[in-house]
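Read the structure below first, then the notes.
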Amino acid sequence: MDKLRITGGQKLHGDITISGAKNAALPILCASLLTADDIQLHNVPRLRDIDTACQLLAQLGVRAHTEGESITLNASAITSLEAPYELVKTMRASILVLGPLLARFGKARVSLPGGCAIGQRPVDQHIKGLRAMGADIELEHGFVVATASRLKGATIRTDMVTVTGTENLLMAAVLAEGETILENAAQEPEIVDLAELLIKMGAKISGHGTERIVIQGVDKLHGATHAIMPDRIETGTFLCAVGATGGDILLRNTAASTLQSTLDKLTKAGVNIECGPDWIRGRMDQRPQSVSFSTAEHPGFPTDMQAQLMALNALANGTAIIVENIFENRFMHVQELIRLGAKIETDGHTARVKGVEKLLGARVMATDLRASASLVIAGLAAQGDTIIDRIYHLDRGYDRMENKLAAVGAQIERLHQESL
Ligand SMILES: CC(=O)N[C@H]1[C@@H](OP(=O)(O)OP(=O)(O)OC[C@H]2O[C@@H](n3ccc(=O)[nH]c3=O)[C@H](O)[C@@H]2O)O[C@H](CO)[C@@H](O)[C@@H]1O
Ligand SMILES: C=C(OP(=O)(O)O)C(=O)O
């Protein structure tokens with residue numbers, strides 16, 4: 001297992017190009033199942049979840065051609081309607097093949113995604129919505145087994161806001177007969193990106209980006225070309241890093257409008273933020289100020305940024321109260337941040353972070369994707385060496401993170417398994 005070694009204390013200076021968004025690319029890759037024509041995607045991030053999604057699509061018979069950050073997919077010769085456990089267990093977003101397979105082929109068998117470290121994460125709302133559209137769904141031997149002659153439009157109100165739930169139902173509804181209304185829909189920018197691709201493919205969708213999405217089903221979709229939106233979480237992660245270390249970084253190929261709540265909190269923490277049409281500059285020349293926050297659905301503060309902003313707070317002047325409202329078990333980075341010298345207490349969904357003047361490098365373990373990112377940020381600001389173990393979590397969702405950080409002055413290197 002690879003590790004990262006970081007020698008902290010370097011200020012970050014320079015440019016970083018932000019990659020395409022993992023959480024937009026994953027549903028969009030699955031949307032290729034909705035047509036027999038080519039789907040040509042650009043700005044696809046290079047990371048492990050994308051490889052897993054491509055393996056899953058290949059297993060279903062989708063042909064893919066990759067060239068740099070572009071992938072062309074063709075689902076004209078599907079050979080299987082089953083997403084096996086081996087692939088689904090490594091990536092929960094695999095459940096996103098359910099809606100498209102059912103809508104186009106009337107059948108799908110998808111392994112139930114395993115309980116992941118950050119919470120239980122059931123898929124009951126995906127199932128409830130597809131049933132409302134007329135699908136017959138059974139849970140058999142750990143698989144969701146779904147059939148439908150043709151899905152029928154319905155008004156669906158999910159019990160809570162769910163991002164992949166909204167995406168699955170959206171992809172099912174575009175080929176259903178009649179009108180579907182998704183109420184209490186997720187409003188995340190990644191939903192908008194998916195809807196924009198589907199519209200290019202001939203889907204009739206309105207209201208995406210609001211809590212009520214209206215879809216008029218069509219008989220057939222066609223090919224399209226689309227560039228994946230920039231990754232707002234990668235953007236926010238690098239801004240937290242410069243907030244913790246100090247310095248001046250220019251993030252290119254990003255979109256400030258997709259991360260306003262994060263930018264607001266970073267500004268309160270003392271980071272000087274300037275935005276242009278496709279760039280954000282973050283400058284920091286002081287000790288950060290503590291900033292309290294609660295995670296919420298978009299446009300609220302994203303749970304996927306909670307760990308990173310906690311790392312910044314660990315070094316801040318003052319005490320921050322952080323409330324995690326989306327996942328029941330998303331504080332696993334706390335124990336590791338404490339190993340670096342942070343002063344954090346948790347009580348249920350609330351963490352109290354009393355900023356310290358310095359962190360000291362130590363050996364720590366990554367427990368999930370954003371927890372790993374928080375340890376990188378803390379390690380960059382800590383005195384001495386930090387070794388982060390189990391960085392396969394980081395590789396799931398960050399595109400060559402250590403290279404991007406090294407290019408702006410961080411002392412960070414990957415220790416490959418064989419060199420350990
Ligand atoms: C690939 C992807 O886009 N992942 C993102 C997506 O995950 P994901 O789509 O899995 O997260 P959801 O929005 O579905 O989850 C929100 C909450 O609803 C619960 N829930 C969800 C569905 C369901 O059927 N039943 C149920 O109880 C979940 O356990 C969680 O407590 O949104 C999360 C919330 O912004 C982000 O942290 C993830 O990075
Ligand atoms: C939790 C995340 O991803 P996933 O839903 O793929 O586990 C994330 O991107 O932070």
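To be explicit about the labels: the chains of the structure tokens are called A, B, and onward in the order shown, and within each one the residues are counted from 1, while ligands get numbers from 1 in the order they are shown.
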
Exercise. Which residues sit within 7 Å of ligand 2, counting only C-alpha atoms and all ligand atoms, listed as a list of chain:residue names?
Worked result: A:Asn23, A:Met91, A:Arg92, A:Ala93, A:Asp304, A:Leu369, A:Arg370, A:Gly397

Using only N, CA and C atoms, please write the residues we just selected to a file, as a short mmCIF file (atom, residue, chain, number, x, y, z; two decimals), in the first residue's frame.
```cif
data_model
loop_
_atom_site.label_atom_id
_atom_site.label_comp_id
_atom_site.auth_asym_id
_atom_site.auth_seq_id
_atom_site.Cartn_x
_atom_site.Cartn_y
_atom_site.Cartn_z
N ASN A 23 -17.56 13.63 -8.87
CA ASN A 23 -18.98 13.34 -8.61
C ASN A 23 -19.91 13.78 -9.74
N MET A 91 -16.86 0.90 -4.92
CA MET A 91 -17.33 2.25 -5.26
C MET A 91 -18.84 2.31 -5.20
N ARG A 92 -19.33 3.06 -4.24
CA ARG A 92 -20.77 3.12 -4.02
C ARG A 92 -21.52 3.70 -5.22
N ALA A 93 -20.88 4.60 -5.95
CA ALA A 93 -21.55 5.24 -7.08
C ALA A 93 -21.92 4.24 -8.19
N ASP A 304 -18.59 17.10 1.91
CA ASP A 304 -17.32 16.66 1.32
C ASP A 304 -16.17 17.64 1.57
N LEU A 369 -11.99 9.14 1.86
CA LEU A 369 -11.44 10.07 0.88
C LEU A 369 -11.15 11.46 1.43
N ARG A 370 -12.15 12.12 1.99
CA ARG A 370 -11.93 13.51 2.42
C ARG A 370 -11.15 13.56 3.74
N GLY A 397 -10.33 9.70 -5.33
CA GLY A 397 -11.03 10.92 -5.69
C GLY A 397 -10.19 12.14 -6.00
#
```

Exercise. If you count only C-alpha atoms, which residues fall within 12 Å of Thr72 of chain A, apart from same-chain ones fewer than 2 positions away, as a list in words?
Worked result: Ile28, Leu29, Ser32, Asp37, Asp38, Ile39, Gln40, Leu41, His42, Asn43, Val44, Cys54, Val62, Arg63, Ala64, His65, Thr66, Glu67, Gly68, Glu69, Ser70, Asn74, Ala75, Gly223, Ala224, Thr225, His226 and Ala227 of chain A

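Distances to ligand 1 were evaluated for A:Gly217, A:Gly119, A:Gly142, A:Gly270 using only C-alpha atoms and all ligand atoms, and the minimum falls at A:Gly119.
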
For this session: Run DSSP on the backbone of this structure and report the residues of segment 8-252 of chain A it assigns to alpha helix (DSSP H), as a VMD selection string.
Result: chain A and resid 22 to 31 48 to 60 85 to 88 98 to 105 124 to 132 163 to 173 189 to 200 232 to 245

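In the backbone-derived DSSP annotation, strand (DSSP E) within segment 147-267 of chain A comprises Thr147, Thr155, Ile156, Arg157, Glu179, Thr180, Ile181, Leu182, Glu183, Lys204, Ile205, Ser206, Arg212, Ile213, Val214, Ile215, Gln216, Ala224, Thr225, His226, Ala227, Gly247, Asp248, Ile249, Leu250, Leu251 and Arg252 of chain A.
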
Problem set entry | Residue nearest ligand 1 - candidates A:Met160, A:Leu139, A:Ala172, A:Leu340, atoms counted: only C-alpha atoms and all ligand atoms | A:Met160

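One finds atom CA of Leu380 of chain A at 17.7 Å from atom CA of Leu250 of chain A.
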
For this session: Can you pull out every residue within 9 Å of Leu96 of chain A, counting only C-alpha atoms, but drop anything in the same chain fewer than 4 positions away, and send it as a VMD selection string?
Result: chain A and resid 26 to 27 30 to 31 92 100 164 to 165 167 to 168 171

Exercise. Within 12 Å of segment 15-19 of chain A, counting only C-alpha atoms, which residues qualify if same-chain residues fewer than 4 places away don't, as a VMD selection string?
Worked result: chain A and resid 23 to 25 42 to 47 69 to 70 227 to 239 242 247 to 256 278 to 282 397 to 409

Please save C-alpha atoms of the selected residues as a PDB file, in the first residue's frame.
```
ATOM      1  CA  ASN A  23     -18.979  13.345  -8.607  1.00  0.00           C
ATOM      2  CA  ALA A  24     -20.130  14.734 -11.945  1.00  0.00           C
ATOM      3  CA  ALA A  25     -18.065  12.333 -14.059  1.00  0.00           C
ATOM      4  CA  HIS A  42     -13.782  15.770 -22.020  1.00  0.00           C
ATOM      5  CA  ASN A  43     -12.128  16.983 -18.805  1.00  0.00           C
ATOM      6  CA  VAL A  44     -12.529  13.539 -17.220  1.00  0.00           C
ATOM      7  CA  PRO A  45     -10.378  13.380 -14.061  1.00  0.00           C
ATOM      8  CA  ARG A  46      -7.750  10.650 -13.812  1.00  0.00           C
ATOM      9  CA  LEU A  47      -8.557   8.802 -10.636  1.00  0.00           C
ATOM     10  CA  GLU A  69      -8.617  13.373 -20.289  1.00  0.00           C
ATOM     11  CA  SER A  70     -11.172  12.450 -22.953  1.00  0.00           C
ATOM     12  CA  ALA A 227     -16.939  18.580 -20.881  1.00  0.00           C
ATOM     13  CA  ILE A 228     -17.200  17.575 -17.214  1.00  0.00           C
ATOM     14  CA  MET A 229     -17.560  20.543 -14.814  1.00  0.00           C
ATOM     15  CA  PRO A 230     -14.556  21.475 -12.632  1.00  0.00           C
ATOM     16  CA  ASP A 231     -14.204  19.720  -9.282  1.00  0.00           C
ATOM     17  CA  ARG A 232     -15.458  22.123  -6.598  1.00  0.00           C
ATOM     18  CA  ILE A 233     -14.263  19.847  -3.789  1.00  0.00           C
ATOM     19  CA  GLU A 234     -10.730  19.617  -5.199  1.00  0.00           C
ATOM     20  CA  THR A 235     -10.806  23.417  -5.539  1.00  0.00           C
ATOM     21  CA  GLY A 236     -11.924  23.865  -1.924  1.00  0.00           C
ATOM     22  CA  THR A 237      -9.326  21.375  -0.722  1.00  0.00           C
ATOM     23  CA  PHE A 238      -6.429  23.349  -2.255  1.00  0.00           C
ATOM     24  CA  LEU A 239      -7.849  26.595  -0.845  1.00  0.00           C
ATOM     25  CA  VAL A 242      -3.151  27.491   1.319  1.00  0.00           C
ATOM     26  CA  GLY A 247       1.051  31.543   0.471  1.00  0.00           C
ATOM     27  CA  ASP A 248      -0.605  32.504  -2.798  1.00  0.00           C
ATOM     28  CA  ILE A 249      -2.126  30.031  -5.258  1.00  0.00           C
ATOM     29  CA  LEU A 250      -4.042  30.481  -8.488  1.00  0.00           C
ATOM     30  CA  LEU A 251      -6.500  27.714  -9.278  1.00  0.00           C
ATOM     31  CA  ARG A 252      -7.288  27.483 -12.983  1.00  0.00           C
ATOM     32  CA  ASN A 253     -10.158  25.750 -14.811  1.00  0.00           C
ATOM     33  CA  THR A 254     -12.521  26.075 -11.858  1.00  0.00           C
ATOM     34  CA  ALA A 255     -15.920  27.678 -11.259  1.00  0.00           C
ATOM     35  CA  ALA A 256     -16.361  29.919  -8.205  1.00  0.00           C
ATOM     36  CA  ASP A 278     -12.656  30.343 -14.590  1.00  0.00           C
ATOM     37  CA  TRP A 279     -10.106  30.914 -11.834  1.00  0.00           C
ATOM     38  CA  ILE A 280      -9.832  31.521  -8.105  1.00  0.00           C
ATOM     39  CA  ARG A 281      -6.838  33.041  -6.370  1.00  0.00           C
ATOM     40  CA  GLY A 282      -6.345  32.271  -2.682  1.00  0.00           C
ATOM     41  CA  GLY A 397     -11.032  10.925  -5.693  1.00  0.00           C
ATOM     42  CA  TYR A 398      -8.030  13.215  -6.261  1.00  0.00           C
ATOM     43  CA  ASP A 399      -6.252  13.511  -9.584  1.00  0.00           C
ATOM     44  CA  ARG A 400      -2.460  13.352  -8.967  1.00  0.00           C
ATOM     45  CA  MET A 401      -2.774  15.402  -5.787  1.00  0.00           C
ATOM     46  CA  GLU A 402       0.829  15.074  -4.656  1.00  0.00           C
ATOM     47  CA  ASN A 403       2.113  16.222  -8.059  1.00  0.00           C
ATOM     48  CA  LYS A 404      -0.140  19.270  -8.019  1.00  0.00           C
ATOM     49  CA  LEU A 405       0.948  20.191  -4.481  1.00  0.00           C
ATOM     50  CA  ALA A 406       4.639  19.571  -5.177  1.00  0.00           C
ATOM     51  CA  ALA A 407       4.382  21.940  -8.160  1.00  0.00           C
ATOM     52  CA  VAL A 408       3.370  24.782  -5.824  1.00  0.00           C
ATOM     53  CA  GLY A 409       6.186  24.175  -3.361  1.00  0.00           C
TER      54      GLY A 409
END
```
